[in-house]
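Participant: This is my_file.pdb, which holds PDB, N, CA and C atoms:
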ATOM      1  N   MET A  12     -68.044  94.780  47.909
ATOM      2  CA  MET A  12     -68.952  95.885  48.207
ATOM      3  C   MET A  12     -68.775  97.033  47.214
ATOM      4  N   LEU A  13     -67.564  97.233  46.706
ATOM      5  CA  LEU A  13     -67.355  98.320  45.753
ATOM      6  C   LEU A  13     -68.097  98.066  44.445
ATOM      7  N   ILE A  14     -68.146  96.818  44.026
ATOM      8  CA  ILE A  14     -68.894  96.481  42.810
ATOM      9  C   ILE A  14     -70.382  96.734  43.044
ATOM     10  N   ILE A  15     -70.892  96.286  44.176
ATOM     11  CA  ILE A  15     -72.306  96.509  44.510
ATOM     12  C   ILE A  15     -72.595  97.999  44.608
ATOM     13  N   ARG A  16     -71.671  98.755  45.225
ATOM     14  CA  ARG A  16     -71.840 100.207  45.324
ATOM     15  C   ARG A  16     -71.917 100.838  43.944
ATOM     16  N   ASP A  17     -70.961 100.497  43.082
ATOM     17  CA  ASP A  17     -70.914 101.143  41.779
ATOM     18  C   ASP A  17     -72.127 100.813  40.918
ATOM     19  N   ILE A  18     -72.600  99.586  40.998
ATOM     20  CA  ILE A  18     -73.784  99.207  40.228
ATOM     21  C   ILE A  18     -75.040  99.824  40.824
ATOM     22  N   GLY A  19     -75.171  99.787  42.139
ATOM     23  CA  GLY A  19     -76.390 100.271  42.786
ATOM     24  C   GLY A  19     -76.466 101.772  42.956
ATOM     25  N   VAL A  20     -75.400 102.367  43.475
ATOM     26  CA  VAL A  20     -75.423 103.796  43.796
ATOM     27  C   VAL A  20     -75.067 104.648  42.591
ATOM     28  N   TYR A  21     -74.005 104.278  41.878
ATOM     29  CA  TYR A  21     -73.538 105.084  40.752
ATOM     30  C   TYR A  21     -74.152 104.662  39.421
ATOM     31  N   ARG A  22     -74.947 103.584  39.433
ATOM     32  CA  ARG A  22     -75.653 103.103  38.242
ATOM     33  C   ARG A  22     -74.700 102.716  37.105
ATOM     34  N   ILE A  23     -73.545 102.184  37.461
ATOM     35  CA  ILE A  23     -72.596 101.704  36.470
ATOM     36  C   ILE A  23     -72.939 100.247  36.205
ATOM     37  N   GLY A  24     -73.279  99.918  34.979
ATOM     38  CA  GLY A  24     -73.758  98.582  34.717
ATOM     39  C   GLY A  24     -72.979  97.772  33.698
ATOM     40  N   ARG A  25     -72.047  98.394  33.009
ATOM     41  CA  ARG A  25     -71.301  97.682  31.971
ATOM     42  C   ARG A  25     -69.903  97.351  32.460
ATOM     43  N   PHE A  26     -69.371  96.262  31.936
ATOM     44  CA  PHE A  26     -68.087  95.734  32.386
ATOM     45  C   PHE A  26     -66.970  96.772  32.279
ATOM     46  N   ASN A  27     -66.807  97.384  31.113
ATOM     47  CA  ASN A  27     -65.718  98.350  30.924
ATOM     48  C   ASN A  27     -65.878  99.580  31.803
ATOM     49  N   GLN A  28     -67.104  99.982  32.069
ATOM     50  CA  GLN A  28     -67.333 101.104  32.975
ATOM     51  C   GLN A  28     -66.926 100.731  34.398
ATOM     52  N   LEU A  29     -67.247  99.496  34.783
ATOM     53  CA  LEU A  29     -66.840  99.025  36.111
ATOM     54  C   LEU A  29     -65.318  98.969  36.226
ATOM     55  N   LEU A  30     -64.648  98.518  35.180
ATOM     56  CA  LEU A  30     -63.182  98.494  35.198
ATOM     57  C   LEU A  30     -62.615  99.884  35.452
ATOM     58  N   LYS A  31     -63.195 100.897  34.827
ATOM     59  CA  LYS A  31     -62.723 102.272  35.013
ATOM     60  C   LYS A  31     -63.031 102.794  36.412
ATOM     61  N   SER A  32     -64.151 102.376  36.978
ATOM     62  CA  SER A  32     -64.546 102.900  38.291
ATOM     63  C   SER A  32     -63.808 102.227  39.436
ATOM     64  N   LEU A  33     -63.157 101.103  39.153
ATOM     65  CA  LEU A  33     -62.430 100.347  40.172
ATOM     66  C   LEU A  33     -60.956 100.267  39.774
ATOM     67  N   PRO A  34     -60.206 101.341  39.957
ATOM     68  CA  PRO A  34     -58.826 101.360  39.486
ATOM     69  C   PRO A  34     -57.988 100.243  40.112
ATOM     70  N   GLY A  35     -57.206  99.601  39.258
ATOM     71  CA  GLY A  35     -56.297  98.575  39.738
ATOM     72  C   GLY A  35     -56.845  97.162  39.722
ATOM     73  N   ILE A  36     -58.147  96.997  39.501
ATOM     74  CA  ILE A  36     -58.702  95.636  39.473
ATOM     75  C   ILE A  36     -58.448  95.025  38.094
ATOM     76  N   PRO A  37     -57.828  93.869  38.046
ATOM     77  CA  PRO A  37     -57.632  93.203  36.743
ATOM     78  C   PRO A  37     -58.976  92.742  36.173
ATOM     79  N   SER A  38     -59.091  92.753  34.861
ATOM     80  CA  SER A  38     -60.354  92.388  34.223
ATOM     81  C   SER A  38     -60.766  90.959  34.574
ATOM     82  N   LYS A  39     -59.816  90.058  34.707
ATOM     83  CA  LYS A  39     -60.141  88.678  35.059
ATOM     84  C   LYS A  39     -60.736  88.584  36.468
ATOM     85  N   VAL A  40     -60.191  89.368  37.380
ATOM     86  CA  VAL A  40     -60.718  89.387  38.755
ATOM     87  C   VAL A  40     -62.124  89.969  38.766
ATOM     88  N   LEU A  41     -62.343  91.061  38.030
ATOM     89  CA  LEU A  41     -63.678  91.647  37.959
ATOM     90  C   LEU A  41     -64.674  90.650  37.385
ATOM     91  N   ALA A  42     -64.311  89.976  36.309
ATOM     92  CA  ALA A  42     -65.209  88.988  35.695
ATOM     93  C   ALA A  42     -65.553  87.883  36.692
ATOM     94  N   THR A  43     -64.568  87.426  37.438
ATOM     95  CA  THR A  43     -64.795  86.383  38.444
ATOM     96  C   THR A  43     -65.723  86.878  39.539
ATOM     97  N   ARG A  44     -65.482  88.082  40.033
ATOM     98  CA  ARG A  44     -66.320  88.645  41.105
ATOM     99  C   ARG A  44     -67.764  88.854  40.639
ATOM    100  N   LEU A  45     -67.935  89.335  39.417
ATOM    101  CA  LEU A  45     -69.290  89.529  38.892
ATOM    102  C   LEU A  45     -70.031  88.196  38.830
ATOM    103  N   LYS A  46     -69.356  87.173  38.356
ATOM    104  CA  LYS A  46     -69.978  85.845  38.268
ATOM    105  C   LYS A  46     -70.315  85.319  39.662
ATOM    106  N   GLN A  47     -69.420  85.523  40.633
ATOM    107  CA  GLN A  47     -69.686  85.082  42.009
ATOM    108  C   GLN A  47     -70.885  85.817  42.593
ATOM    109  N   LEU A  48     -70.942  87.122  42.377
ATOM    110  CA  LEU A  48     -72.063  87.909  42.898
ATOM    111  C   LEU A  48     -73.382  87.507  42.234
ATOM    112  N   GLU A  49     -73.305  87.140  40.958
ATOM    113  CA  GLU A  49     -74.500  86.644  40.265
ATOM    114  C   GLU A  49     -74.919  85.290  40.851
ATOM    115  N   THR A  50     -73.976  84.399  41.033
ATOM    116  CA  THR A  50     -74.258  83.067  41.580
ATOM    117  C   THR A  50     -74.866  83.162  42.980
ATOM    118  N   GLU A  51     -74.390  84.110  43.774
ATOM    119  CA  GLU A  51     -74.887  84.283  45.147
ATOM    120  C   GLU A  51     -76.192  85.081  45.213
ATOM    121  N   GLY A  52     -76.662  85.571  44.072
ATOM    122  CA  GLY A  52     -77.957  86.244  44.027
ATOM    123  C   GLY A  52     -77.929  87.737  44.288
ATOM    124  N   PHE A  53     -76.744  88.362  44.239
ATOM    125  CA  PHE A  53     -76.649  89.805  44.458
ATOM    126  C   PHE A  53     -76.827  90.599  43.165
ATOM    127  N   LEU A  54     -76.437  89.998  42.041
ATOM    128  CA  LEU A  54     -76.489  90.674  40.751
ATOM    129  C   LEU A  54     -77.290  89.877  39.746
ATOM    130  N   GLU A  55     -77.795  90.614  38.769
ATOM    131  CA  GLU A  55     -78.508  90.001  37.660
ATOM    132  C   GLU A  55     -77.831  90.470  36.373
ATOM    133  N   ARG A  56     -77.582  89.547  35.498
ATOM    134  CA  ARG A  56     -76.949  89.834  34.209
ATOM    135  C   ARG A  56     -78.043  89.969  33.167
ATOM    136  N   LYS A  57     -78.047  91.097  32.478
ATOM    137  CA  LYS A  57     -79.042  91.328  31.435
ATOM    138  C   LYS A  57     -78.322  91.486  30.105
ATOM    139  N   VAL A  58     -78.750  90.711  29.130
ATOM    140  CA  VAL A  58     -78.152  90.777  27.796
ATOM    141  C   VAL A  58     -79.122  91.525  26.892
ATOM    142  N   GLU A  59     -78.633  92.604  26.313
ATOM    143  CA  GLU A  59     -79.432  93.394  25.386
ATOM    144  C   GLU A  59     -78.940  93.114  23.976
ATOM    145  N   ARG A  60     -79.843  92.842  23.111
ATOM    146  CA  ARG A  60     -79.476  92.596  21.714
ATOM    147  C   ARG A  60     -79.691  93.896  20.936
ATOM    148  N   ALA A  61     -78.582  94.464  20.519
ATOM    149  CA  ALA A  61     -78.618  95.738  19.807
ATOM    150  C   ALA A  61     -77.346  95.840  18.971
ATOM    151  N   VAL A  62     -76.894  97.044  18.728
ATOM    152  CA  VAL A  62     -75.623  97.265  18.056
ATOM    153  C   VAL A  62     -74.704  97.904  19.080
ATOM    154  N   PRO A  63     -73.614  97.276  19.486
ATOM    155  CA  PRO A  63     -73.093  95.984  19.067
ATOM    156  C   PRO A  63     -74.073  94.861  19.400
ATOM    157  N   PRO A  64     -73.884  93.685  18.783
ATOM    158  CA  PRO A  64     -74.864  92.604  18.892
ATOM    159  C   PRO A  64     -75.260  92.221  20.314
ATOM    160  N   GLN A  65     -74.309  92.196  21.237
ATOM    161  CA  GLN A  65     -74.648  91.843  22.606
ATOM    162  C   GLN A  65     -74.037  92.844  23.560
ATOM    163  N   VAL A  66     -74.881  93.427  24.376
ATOM    164  CA  VAL A  66     -74.425  94.321  25.420
ATOM    165  C   VAL A  66     -74.890  93.725  26.732
ATOM    166  N   VAL A  67     -73.945  93.499  27.635
ATOM    167  CA  VAL A  67     -74.288  92.945  28.942
ATOM    168  C   VAL A  67     -74.316  94.082  29.944
ATOM    169  N   ARG A  68     -75.402  94.136  30.681
ATOM    170  CA  ARG A  68     -75.533  95.104  31.770
ATOM    171  C   ARG A  68     -75.780  94.342  33.058
ATOM    172  N   TRP A  69     -75.184  94.827  34.112
ATOM    173  CA  TRP A  69     -75.369  94.232  35.421
ATOM    174  C   TRP A  69     -76.275  95.132  36.242
ATOM    175  N   SER A  70     -77.153  94.523  37.018
ATOM    176  CA  SER A  70     -78.019  95.293  37.916
ATOM    177  C   SER A  70     -78.153  94.523  39.226
ATOM    178  N   LEU A  71     -78.569  95.235  40.251
ATOM    179  CA  LEU A  71     -78.744  94.616  41.556
ATOM    180  C   LEU A  71     -80.068  93.867  41.630
ATOM    181  N   THR A  72     -80.044  92.746  42.293
ATOM    182  CA  THR A  72     -81.275  92.049  42.659
ATOM    183  C   THR A  72     -81.759  92.684  43.969
ATOM    184  N   ASP A  73     -82.868  92.210  44.496
ATOM    185  CA  ASP A  73     -83.334  92.718  45.791
ATOM    186  C   ASP A  73     -82.300  92.448  46.880
ATOM    187  N   LYS A  74     -81.662  91.297  46.811
ATOM    188  CA  LYS A  74     -80.614  90.961  47.780
ATOM    189  C   LYS A  74     -79.436  91.931  47.636
ATOM    190  N   GLY A  75     -79.056  92.233  46.410
ATOM    191  CA  GLY A  75     -77.973  93.181  46.164
ATOM    192  C   GLY A  75     -78.326  94.580  46.627
ATOM    193  N   LEU A  76     -79.584  94.968  46.428
ATOM    194  CA  LEU A  76     -80.047  96.272  46.885
ATOM    195  C   LEU A  76     -79.956  96.371  48.402
ATOM    196  N   ASP A  77     -80.359  95.322  49.096
ATOM    197  CA  ASP A  77     -80.236  95.318  50.562
ATOM    198  C   ASP A  77     -78.775  95.415  50.983
ATOM    199  N   ALA A  78     -77.881  94.717  50.284
ATOM    200  CA  ALA A  78     -76.452  94.790  50.605
ATOM    201  C   ALA A  78     -75.916  96.202  50.366
ATOM    202  N   ALA A  79     -76.354  96.848  49.288
ATOM    203  CA  ALA A  79     -75.926  98.224  49.004
ATOM    204  C   ALA A  79     -76.366  99.150  50.128
ATOM    205  N   ARG A  80     -77.574  98.957  50.601
ATOM    206  CA  ARG A  80     -78.075  99.790  51.705
ATOM    207  C   ARG A  80     -77.240  99.608  52.966
ATOM    208  N   VAL A  81     -76.873  98.370  53.267
ATOM    209  CA  VAL A  81     -76.043  98.105  54.444
ATOM    210  C   VAL A  81     -74.712  98.840  54.305
ATOM    211  N   GLY A  82     -74.094  98.744  53.137
ATOM    212  CA  GLY A  82     -72.831  99.448  52.906
ATOM    213  C   GLY A  82     -72.974 100.953  53.037
ATOM    214  N   MET A  83     -74.072 101.498  52.506
ATOM    215  CA  MET A  83     -74.306 102.938  52.609
ATOM    216  C   MET A  83     -74.497 103.363  54.065
ATOM    217  N   MET A  84     -75.194 102.551  54.828
ATOM    218  CA  MET A  84     -75.404 102.873  56.245
ATOM    219  C   MET A  84     -74.082 102.802  57.016
ATOM    220  N   MET A  85     -73.237 101.834  56.688
ATOM    221  CA  MET A  85     -71.927 101.739  57.351
ATOM    222  C   MET A  85     -71.068 102.955  57.008
ATOM    223  N   ALA A  86     -71.106 103.394  55.757
ATOM    224  CA  ALA A  86     -70.356 104.579  55.365
ATOM    225  C   ALA A  86     -70.885 105.809  56.099
ATOM    226  N   ALA A  87     -72.207 105.926  56.216
ATOM    227  CA  ALA A  87     -72.801 107.058  56.927
ATOM    228  C   ALA A  87     -72.411 107.034  58.407
ATOM    229  N   PHE A  88     -72.368 105.859  59.000
ATOM    230  CA  PHE A  88     -71.938 105.711  60.387
ATOM    231  C   PHE A  88     -70.516 106.256  60.552
ATOM    232  N   GLY A  89     -69.630 105.860  59.647
ATOM    233  CA  GLY A  89     -68.254 106.339  59.706
ATOM    234  C   GLY A  89     -68.144 107.839  59.522
ATOM    235  N   CYS A  90     -68.971 108.398  58.651
ATOM    236  CA  CYS A  90     -68.954 109.839  58.409
ATOM    237  C   CYS A  90     -69.468 110.625  59.607
ATOM    238  N   LYS A  91     -70.293 110.001  60.408
ATOM    239  CA  LYS A  91     -70.818 110.667  61.608
ATOM    240  C   LYS A  91     -69.875 110.479  62.798
ATOM    241  N   TRP A  92     -69.437 109.258  63.031
ATOM    242  CA  TRP A  92     -68.715 108.950  64.259
ATOM    243  C   TRP A  92     -67.195 108.962  64.113
ATOM    244  N   ASN A  93     -66.691 109.011  62.905
ATOM    245  CA  ASN A  93     -65.247 109.088  62.687
ATOM    246  C   ASN A  93     -64.900 110.242  61.755
ATOM    247  N   ALA A  94     -65.661 111.304  61.867
ATOM    248  CA  ALA A  94     -65.474 112.453  60.978
ATOM    249  C   ALA A  94     -64.059 113.010  61.063
ATOM    250  N   ASP A  95     -63.444 112.919  62.231
ATOM    251  CA  ASP A  95     -62.084 113.432  62.386
ATOM    252  C   ASP A  95     -61.073 112.668  61.538
ATOM    253  N   LYS A  96     -61.401 111.441  61.184
ATOM    254  CA  LYS A  96     -60.517 110.625  60.352
ATOM    255  C   LYS A  96     -60.934 110.634  58.880
ATOM    256  N   VAL A  97     -62.182 111.028  58.620
ATOM    257  CA  VAL A  97     -62.728 110.956  57.265
ATOM    258  C   VAL A  97     -62.637 112.295  56.533
ATOM    259  N   PHE A  98     -62.896 113.382  57.228
ATOM    260  CA  PHE A  98     -62.985 114.697  56.600
ATOM    261  C   PHE A  98     -61.898 115.640  57.102
ATOM    262  N   ASP A  99     -61.390 116.462  56.206
ATOM    263  CA  ASP A  99     -60.362 117.434  56.592
ATOM    264  C   ASP A  99     -60.871 118.403  57.647
ATOM    265  N   ASP A 100     -62.144 118.814  57.533
ATOM    266  CA  ASP A 100     -62.683 119.771  58.510
ATOM    267  C   ASP A 100     -63.155 119.097  59.805
ATOM    268  N   LYS A 101     -63.079 117.761  59.836
ATOM    269  CA  LYS A 101     -63.410 116.948  61.018
ATOM    270  C   LYS A 101     -64.864 117.095  61.477
ATOM    271  N   ARG A 102     -65.733 117.662  60.615
ATOM    272  CA  ARG A 102     -67.138 117.882  60.956
ATOM    273  C   ARG A 102     -67.963 116.659  60.590
ATOM    274  N   PRO A 103     -68.724 116.128  61.558
ATOM    275  CA  PRO A 103     -69.605 114.992  61.244
ATOM    276  C   PRO A 103     -70.637 115.387  60.189
ATOM    277  N   ARG A 104     -71.007 114.428  59.361
ATOM    278  CA  ARG A 104     -72.000 114.665  58.319
ATOM    279  C   ARG A 104     -73.263 113.871  58.622
ATOM    280  N   LYS A 105     -74.399 114.459  58.250
ATOM    281  CA  LYS A 105     -75.678 113.755  58.338
ATOM    282  C   LYS A 105     -75.922 113.046  57.012
ATOM    283  N   MET A 106     -76.849 112.122  57.048
ATOM    284  CA  MET A 106     -77.121 111.269  55.890
ATOM    285  C   MET A 106     -77.373 112.094  54.626
ATOM    286  N   HIS A 107     -78.210 113.121  54.711
ATOM    287  CA  HIS A 107     -78.540 113.903  53.519
ATOM    288  C   HIS A 107     -77.356 114.732  53.011
ATOM    289  N   GLU A 108     -76.320 114.898  53.832
ATOM    290  CA  GLU A 108     -75.123 115.598  53.391
ATOM    291  C   GLU A 108     -74.164 114.662  52.641
ATOM    292  N   ILE A 109     -74.312 113.376  52.872
ATOM    293  CA  ILE A 109     -73.428 112.387  52.252
ATOM    294  C   ILE A 109     -73.979 111.930  50.909
ATOM    295  N   TYR A 110     -75.293 111.682  50.863
ATOM    296  CA  TYR A 110     -75.903 111.113  49.660
ATOM    297  C   TYR A 110     -76.788 112.121  48.959
ATOM    298  N   ASN A 111     -76.759 112.078  47.625
ATOM    299  CA  ASN A 111     -77.637 112.936  46.835
ATOM    300  C   ASN A 111     -79.059 112.373  46.872
ATOM    301  N   ARG A 112     -79.939 112.993  46.145
ATOM    302  CA  ARG A 112     -81.350 112.586  46.132
ATOM    303  C   ARG A 112     -81.513 111.131  45.711
ATOM    304  N   GLU A 113     -80.794 110.723  44.660
ATOM    305  CA  GLU A 113     -80.892 109.346  44.183
ATOM    306  C   GLU A 113     -80.399 108.360  45.243
ATOM    307  N   GLY A 114     -79.329 108.722  45.934
ATOM    308  CA  GLY A 114     -78.817 107.866  46.999
ATOM    309  C   GLY A 114     -79.799 107.725  48.144
ATOM    310  N   MET A 115     -80.428 108.837  48.511
ATOM    311  CA  MET A 115     -81.425 108.800  49.584
ATOM    312  C   MET A 115     -82.631 107.962  49.168
ATOM    313  N   GLU A 116     -83.026 108.062  47.901
ATOM    314  CA  GLU A 116     -84.136 107.233  47.406
ATOM    315  C   GLU A 116     -83.775 105.751  47.439
ATOM    316  N   LEU A 117     -82.540 105.433  47.101
ATOM    317  CA  LEU A 117     -82.084 104.046  47.139
ATOM    318  C   LEU A 117     -82.170 103.494  48.559
ATOM    319  N   LEU A 118     -81.834 104.319  49.533
ATOM    320  CA  LEU A 118     -81.876 103.852  50.925
ATOM    321  C   LEU A 118     -83.284 103.524  51.391
ATOM    322  N   THR A 119     -84.264 104.224  50.887
ATOM    323  CA  THR A 119     -85.626 104.064  51.394
ATOM    324  C   THR A 119     -86.566 103.323  50.442
ATOM    325  N   LYS A 120     -86.115 103.027  49.233
ATOM    326  CA  LYS A 120     -86.961 102.397  48.223
ATOM    327  C   LYS A 120     -87.434 101.007  48.669
ATOM    328  N   ASP A 121     -88.732 100.836  48.818
ATOM    329  CA  ASP A 121     -89.346  99.539  49.134
ATOM    330  C   ASP A 121     -88.662  98.829  50.281
ATOM    331  N   PHE A 122     -88.292  99.555  51.298
ATOM    332  CA  PHE A 122     -87.588  98.913  52.412
ATOM    333  C   PHE A 122     -88.498  98.812  53.597
TER     334      PHE A 122
END
Here is a file; write its structure as structure tokens.

Facilitator:
Amino acid sequence: MLIIRDIGVYRIGRFNQLLKSLPGIPSKVLATRLKQLETEGFLERKVERAVPPQVVRWSLTDKGLDAARVGMMMAAFGCKWNADKVFDDKRPRKMHEIYNREGMELLTKDF
């Protein structure tokens, strides 16, 4: 789910950027997970021919987008109903307080 989150919500699409956003994950494990998510239809691998000669970017498929939305809704549920465990001020948060404009658009885009 963290890979799907980072690609969908944070728009991180390159391998090295994903490695930085997921501290502690070995590169071999990340490569394996990306391939599994692609095989299962959650991610799409796009190869751009430029300088450097090949740049691979990962993006969500419609299935991956739906999975990202489910994860975002679960996080929002926790922020509302377990605020005492999530936030120092113990105040529940509403959806628009958790996600920025782009995140809110992702939740409602073509759904």

Participant: Can you measure atom CA of A:Thr119 to atom C of A:Leu76 for me? One decimal in Å is fine.

Facilitator: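 These atoms are spaced 10.0 Å apart.
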
Participant: Any idea what's packed within 7 Å of A:Phe26, counting all atoms listed in the file, ignoring anything in its chain fewer than 5 positions away? Could you give it as a list in words?

Facilitator: Lys31, Val67, Arg68 and Trp69 of chain A

Participant: I'd like to see the residues matched by the PyMOL selection byres (((chain A and resi 20-23 and name CA) around 12) and name CA) on this file, and ideally I'd get them as a PyMOL selection string.

Facilitator: chain A and resi 12-19+24-33+67-71+75-80+82-83+110-118

Participant: At what distance in Å, to one decimal, does atom N of A:Lys120 lie from atom CA of A:Leu54?

Facilitator: 17.8 Å

Participant: Enumerate, as a VMD selection string, the complete set of residues in chain A that a backbone-based DSSP assignment places in strand (DSSP E).

Facilitator: chain A and resid 54 to 59 66 to 71

Participant: Box for stretch 46-59 of chain A - axis-aligned, 3 Å on each of the six sides, all listed atoms - centre and size in Å to one decimal, as AutoDock Vina command-line options.

Facilitator:
--center_x -74.4 --center_y 88.2 --center_z 34.6 --size_x 16.1 --size_y 16.3 --size_z 27.2

Participant: Have a look at atom CA of A:Ala94 and atom CA of A:Pro34 and let me know their distance in Å, one decimal.

Facilitator: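 Computing the Euclidean distance for atom CA of A:Ala94 and atom CA of A:Pro34 yields 25.1 Å.
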
Participant: Please evaluate the PyMOL selection byres (((chain A and resi 90 and name CA) around 12) and name CA) against the displayed coordinates and give the resulting residues as a PyMOL selection string.

Facilitator: chain A and resi 83-89+91-110

Participant: Determine which residues of stretch 12-102 of chain A DSSP labels as alpha helix (DSSP H) from the backbone of this structure, then write them out as an MDAnalysis selection string.

Facilitator: chainID A and resid 13:19 26:32 38:50 73:92 94:97

Participant: Kindly export the residues of the current selection with N, CA and C atoms, as a short mmCIF file (atom, residue, chain, number, x, y, z; two decimals), keeping the file's coordinate frame.

Facilitator:
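After the write, selection02.cif holds the following:
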data_model
loop_
_atom_site.label_atom_id
_atom_site.label_comp_id
_atom_site.auth_asym_id
_atom_site.auth_seq_id
_atom_site.Cartn_x
_atom_site.Cartn_y
_atom_site.Cartn_z
N LEU A 13 -67.56 97.23 46.71
CA LEU A 13 -67.36 98.32 45.75
C LEU A 13 -68.10 98.07 44.44
N ILE A 14 -68.15 96.82 44.03
CA ILE A 14 -68.89 96.48 42.81
C ILE A 14 -70.38 96.73 43.04
N ILE A 15 -70.89 96.29 44.18
CA ILE A 15 -72.31 96.51 44.51
C ILE A 15 -72.60 98.00 44.61
N ARG A 16 -71.67 98.76 45.22
CA ARG A 16 -71.84 100.21 45.32
C ARG A 16 -71.92 100.84 43.94
N ASP A 17 -70.96 100.50 43.08
CA ASP A 17 -70.91 101.14 41.78
C ASP A 17 -72.13 100.81 40.92
N ILE A 18 -72.60 99.59 41.00
CA ILE A 18 -73.78 99.21 40.23
C ILE A 18 -75.04 99.82 40.82
N GLY A 19 -75.17 99.79 42.14
CA GLY A 19 -76.39 100.27 42.79
C GLY A 19 -76.47 101.77 42.96
N PHE A 26 -69.37 96.26 31.94
CA PHE A 26 -68.09 95.73 32.39
C PHE A 26 -66.97 96.77 32.28
N ASN A 27 -66.81 97.38 31.11
CA ASN A 27 -65.72 98.35 30.92
C ASN A 27 -65.88 99.58 31.80
N GLN A 28 -67.10 99.98 32.07
CA GLN A 28 -67.33 101.10 32.98
C GLN A 28 -66.93 100.73 34.40
N LEU A 29 -67.25 99.50 34.78
CA LEU A 29 -66.84 99.02 36.11
C LEU A 29 -65.32 98.97 36.23
N LEU A 30 -64.65 98.52 35.18
CA LEU A 30 -63.18 98.49 35.20
C LEU A 30 -62.62 99.88 35.45
N LYS A 31 -63.20 100.90 34.83
CA LYS A 31 -62.72 102.27 35.01
C LYS A 31 -63.03 102.79 36.41
N SER A 32 -64.15 102.38 36.98
CA SER A 32 -64.55 102.90 38.29
C SER A 32 -63.81 102.23 39.44
N SER A 38 -59.09 92.75 34.86
CA SER A 38 -60.35 92.39 34.22
C SER A 38 -60.77 90.96 34.57
N LYS A 39 -59.82 90.06 34.71
CA LYS A 39 -60.14 88.68 35.06
C LYS A 39 -60.74 88.58 36.47
N VAL A 40 -60.19 89.37 37.38
CA VAL A 40 -60.72 89.39 38.76
C VAL A 40 -62.12 89.97 38.77
N LEU A 41 -62.34 91.06 38.03
CA LEU A 41 -63.68 91.65 37.96
C LEU A 41 -64.67 90.65 37.38
N ALA A 42 -64.31 89.98 36.31
CA ALA A 42 -65.21 88.99 35.70
C ALA A 42 -65.55 87.88 36.69
N THR A 43 -64.57 87.43 37.44
CA THR A 43 -64.80 86.38 38.44
C THR A 43 -65.72 86.88 39.54
N ARG A 44 -65.48 88.08 40.03
CA ARG A 44 -66.32 88.64 41.10
C ARG A 44 -67.76 88.85 40.64
N LEU A 45 -67.94 89.34 39.42
CA LEU A 45 -69.29 89.53 38.89
C LEU A 45 -70.03 88.20 38.83
N LYS A 46 -69.36 87.17 38.36
CA LYS A 46 -69.98 85.84 38.27
C LYS A 46 -70.32 85.32 39.66
N GLN A 47 -69.42 85.52 40.63
CA GLN A 47 -69.69 85.08 42.01
C GLN A 47 -70.89 85.82 42.59
N LEU A 48 -70.94 87.12 42.38
CA LEU A 48 -72.06 87.91 42.90
C LEU A 48 -73.38 87.51 42.23
N GLU A 49 -73.31 87.14 40.96
CA GLU A 49 -74.50 86.64 40.26
C GLU A 49 -74.92 85.29 40.85
N THR A 50 -73.98 84.40 41.03
CA THR A 50 -74.26 83.07 41.58
C THR A 50 -74.87 83.16 42.98
N ASP A 73 -82.87 92.21 44.50
CA ASP A 73 -83.33 92.72 45.79
C ASP A 73 -82.30 92.45 46.88
N LYS A 74 -81.66 91.30 46.81
CA LYS A 74 -80.61 90.96 47.78
C LYS A 74 -79.44 91.93 47.64
N GLY A 75 -79.06 92.23 46.41
CA GLY A 75 -77.97 93.18 46.16
C GLY A 75 -78.33 94.58 46.63
N LEU A 76 -79.58 94.97 46.43
CA LEU A 76 -80.05 96.27 46.88
C LEU A 76 -79.96 96.37 48.40
N ASP A 77 -80.36 95.32 49.10
CA ASP A 77 -80.24 95.32 50.56
C ASP A 77 -78.78 95.42 50.98
N ALA A 78 -77.88 94.72 50.28
CA ALA A 78 -76.45 94.79 50.60
C ALA A 78 -75.92 96.20 50.37
N ALA A 79 -76.35 96.85 49.29
CA ALA A 79 -75.93 98.22 49.00
C ALA A 79 -76.37 99.15 50.13
N ARG A 80 -77.57 98.96 50.60
CA ARG A 80 -78.08 99.79 51.70
C ARG A 80 -77.24 99.61 52.97
N VAL A 81 -76.87 98.37 53.27
CA VAL A 81 -76.04 98.10 54.44
C VAL A 81 -74.71 98.84 54.30
N GLY A 82 -74.09 98.74 53.14
CA GLY A 82 -72.83 99.45 52.91
C GLY A 82 -72.97 100.95 53.04
N MET A 83 -74.07 101.50 52.51
CA MET A 83 -74.31 102.94 52.61
C MET A 83 -74.50 103.36 54.06
N MET A 84 -75.19 102.55 54.83
CA MET A 84 -75.40 102.87 56.24
C MET A 84 -74.08 102.80 57.02
N MET A 85 -73.24 101.83 56.69
CA MET A 85 -71.93 101.74 57.35
C MET A 85 -71.07 102.96 57.01
N ALA A 86 -71.11 103.39 55.76
CA ALA A 86 -70.36 104.58 55.36
C ALA A 86 -70.89 105.81 56.10
N ALA A 87 -72.21 105.93 56.22
CA ALA A 87 -72.80 107.06 56.93
C ALA A 87 -72.41 107.03 58.41
N PHE A 88 -72.37 105.86 59.00
CA PHE A 88 -71.94 105.71 60.39
C PHE A 88 -70.52 106.26 60.55
N GLY A 89 -69.63 105.86 59.65
CA GLY A 89 -68.25 106.34 59.71
C GLY A 89 -68.14 107.84 59.52
N CYS A 90 -68.97 108.40 58.65
CA CYS A 90 -68.95 109.84 58.41
C CYS A 90 -69.47 110.62 59.61
N LYS A 91 -70.29 110.00 60.41
CA LYS A 91 -70.82 110.67 61.61
C LYS A 91 -69.88 110.48 62.80
N TRP A 92 -69.44 109.26 63.03
CA TRP A 92 -68.72 108.95 64.26
C TRP A 92 -67.19 108.96 64.11
N ALA A 94 -65.66 111.30 61.87
CA ALA A 94 -65.47 112.45 60.98
C ALA A 94 -64.06 113.01 61.06
N ASP A 95 -63.44 112.92 62.23
CA ASP A 95 -62.08 113.43 62.39
C ASP A 95 -61.07 112.67 61.54
N LYS A 96 -61.40 111.44 61.18
CA LYS A 96 -60.52 110.62 60.35
C LYS A 96 -60.93 110.63 58.88
N VAL A 97 -62.18 111.03 58.62
CA VAL A 97 -62.73 110.96 57.26
C VAL A 97 -62.64 112.30 56.53
#
